[in-house]
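Visitor: Quick one: this structure, given as structure tokens, is what I'll be asking you about.
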Number of protein chains: 2
Amino acid sequence: MEDRTETSLIALRRILRATELNARTLARATGLTTPQLIVLEIVVAAGRATPKDIAGKAGVGQATATSLVDKLEARKLVTRTRSERDKRVVWVAPTEEGKALLSAAPDPLQKTFSEQFQALPDWEQGMIVAALERVGAMLNAGALDAAPLLDVGAVDRK
Amino acid sequence: MEDRTETSLIALRRILRATELNARTLARATGLTTPQLIVLEIVVAAGRATPKDIAGKAGVGQATATSLVDKLEARKLVTRTRSERDKRVVWVAPTEEGKALLSAAPDPLQKTFSEQFQALPDWEQGMIVAALERVGAMLNAGALDAAPLLDVGAVDRK
DNA sequence: AAAATATAATTTGATTAGCGAATAAAACTT
DNA sequence: AAGTTTTATTCGCTAATCAAATTATATTTT
């Protein structure tokens, strides 16, 4: 393998590693497990979502989504409401408590990243965005590009 | 949040998403679960590793590492050997079968990435490597850079 | 050298995650 | 109206994961 290819893969793995560890830390901080946190983030970001949406975005089966929603509902972080228009569907929406929990536990990784990124010179910001998008495109070229899971970031916006 | 910061985060999330899905696909293809596959990769990369090493590198607790090694050992993909020098430690090493399994299941994501990467013009390769390393550094700046996942292979041995 | 402390792996007991298959209800199709 | 599809849920089962307790071995202190 080309040397630079290898180097890029290593760099990628470091990124994955950092974000993965961060997810666990964050989950702990909130008292939720990682999958539960992901579901809550999805619901908060979207305003409301069906179990099917959640399953798709979180990359798990519907049955799993249901059970994760169960947990969150039990903790009063989300509510379930049957849709009037189509009574098969259930809307899962965050409670105030659910929203509060997320904003009270700001993602430390995202925070440091954002701060540092914004401190970079303009040309470097541009370079990084271009490179990340290039890499994302390359990775998604193989796997058929699935739904945009992680509009998670929503978290920040005041 | 600055627009470009947001854009970069979205790009990052797409990357994470793609690799996550890939991990599952790969695990299925090998008949292993994702954590099991990660452990096997660690062991193969390092030549041999203790459960403690594995726990650190895989980012799980020692108890979990032990149980994952159990599964792999049951399938004869790795072996356990007590160290002579220090009888508290156990060396986990891949069997031929374990190594074969990994090489027989080439990572599709890594493959397409490598191919595409190598097809890029020189300047772009350089740009991507630089950007990925920059991002990795930024991410690891916040979280105290935990165990260097990828010094895999460093370990002792003859 | 004996006692205390530390380290490594494992076992145990519990919860959570996750899947596939089956079920139930509602909505579409023909 | 009958059949098909979609949505959510339930059920049974396996795997992952952790914390705490346990066992064996090393290291350090007295």
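Letters for chains follow the order of the structure tokens (A, B, ...), residue numbers begin at 1 for each chain, and ligand numbers begin at 1 in the order shown.
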Please give the root-mean-square deviation of the Cα atoms once chain A has been least-squares fitted onto chain B, pairing every Cα in order.

Guide: 3.3 Å

Visitor: Wanna dump the range 50-145 of chain A-range 6-22 of chain D contacts at 8 Å for me, each residue with its shortest atom pair and the distance in Å to one decimal, counting only C-alpha atoms (C1' of nucleotides), ordered by chain and number, as CSV?

Guide:
residue,atom,partner,partner_atom,distance
A:Pro51,CA,D:DA8,C1',7.6
A:Lys52,CA,D:DT7,C1',7.7
A:Ala63,CA,D:DT9,C1',7.5
A:Thr66,CA,D:DT9,C1',7.4
A:Arg88,CA,D:DT7,C1',5.2
A:Val89,CA,D:DT7,C1',5.8
A:Val90,CA,D:DA8,C1',7.6

Visitor: Suppose we keep N, CA, C and O atoms; can you now write the selection as a compact mmCIF listing (two decimals), in the first residue's frame?

Guide:
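What landed in out.txt:
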# COMPACT_ATOMS: atom_id res chain seq x y z
N PRO A 51 -40.78 6.09 14.88
CA PRO A 51 -39.82 5.03 15.17
C PRO A 51 -39.09 4.59 13.90
O PRO A 51 -37.91 4.26 13.94
N LYS A 52 -39.79 4.63 12.81
CA LYS A 52 -39.15 4.22 11.57
C LYS A 52 -38.03 5.18 11.18
O LYS A 52 -36.94 4.76 10.80
N ALA A 63 -37.46 -2.68 15.66
CA ALA A 63 -37.72 -3.24 16.98
C ALA A 63 -36.80 -2.61 18.02
O ALA A 63 -37.22 -2.27 19.13
N THR A 66 -37.91 0.92 18.80
CA THR A 66 -39.03 0.91 19.74
C THR A 66 -38.54 0.75 21.17
O THR A 66 -38.97 1.47 22.07
N ARG A 88 -51.37 4.54 12.02
CA ARG A 88 -50.33 3.53 12.20
C ARG A 88 -49.08 4.17 12.79
O ARG A 88 -48.30 3.54 13.47
N VAL A 89 -48.90 5.42 12.48
CA VAL A 89 -47.64 6.06 12.88
C VAL A 89 -47.72 6.73 14.24
O VAL A 89 -48.76 7.21 14.67
N VAL A 90 -46.59 6.70 14.88
CA VAL A 90 -46.45 7.27 16.21
C VAL A 90 -45.41 8.38 16.14
O VAL A 90 -44.34 8.18 15.57

Visitor: For the atom pair CA of Asp70 in chain B and C1' of DC19 in chain C, what is the interatomic distance in Å to one decimal place?

Guide: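 So the two atoms, CA of Asp70 in chain B and C1' of DC19 in chain C, lie 21.7 Å apart.
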
Visitor: Enumerate, in order of chain and increasing residue number, the residues of chain A with an atom no farther than 6 Å from chain B, each with its shortest atom pair and distance in Å to one decimal, counting only C-alpha atoms, as CSV.

Guide:
residue,atom,partner,partner_atom,distance
A:Ser8,CA,B:Val129,CA,5.2
A:Ala11,CA,B:Glu133,CA,5.5
A:Arg14,CA,B:Gly136,CA,6.0
A:Ile15,CA,B:Gly136,CA,4.9
A:Thr112,CA,B:Gly142,CA,5.9
A:Phe113,CA,B:Met138,CA,5.9
A:Ile128,CA,B:Ala131,CA,5.1
A:Val129,CA,B:Ser8,CA,5.2
A:Ala131,CA,B:Ile128,CA,5.1
A:Leu132,CA,B:Ala11,CA,5.7
A:Glu133,CA,B:Ala11,CA,5.4
A:Gly136,CA,B:Ile15,CA,4.9
A:Met138,CA,B:Phe113,CA,5.9
A:Leu139,CA,B:Phe113,CA,5.9
A:Leu150,CA,B:Arg13,CA,5.8

Visitor: Could you go through chain A and tell me which residues DSSP, when run on the backbone, assigns to helix (DSSP H, G or I), listing them as a count of residues only?

Guide: 109

Visitor: For chain B, work out the contacting residues on chain C at 10 Å, counting only C-alpha atoms (C1' of nucleotides), and write them as a list of chain:residue names.

Guide: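 The selection requested is C:DT7, C:DA8, C:DA9, C:DT10, C:DT11.
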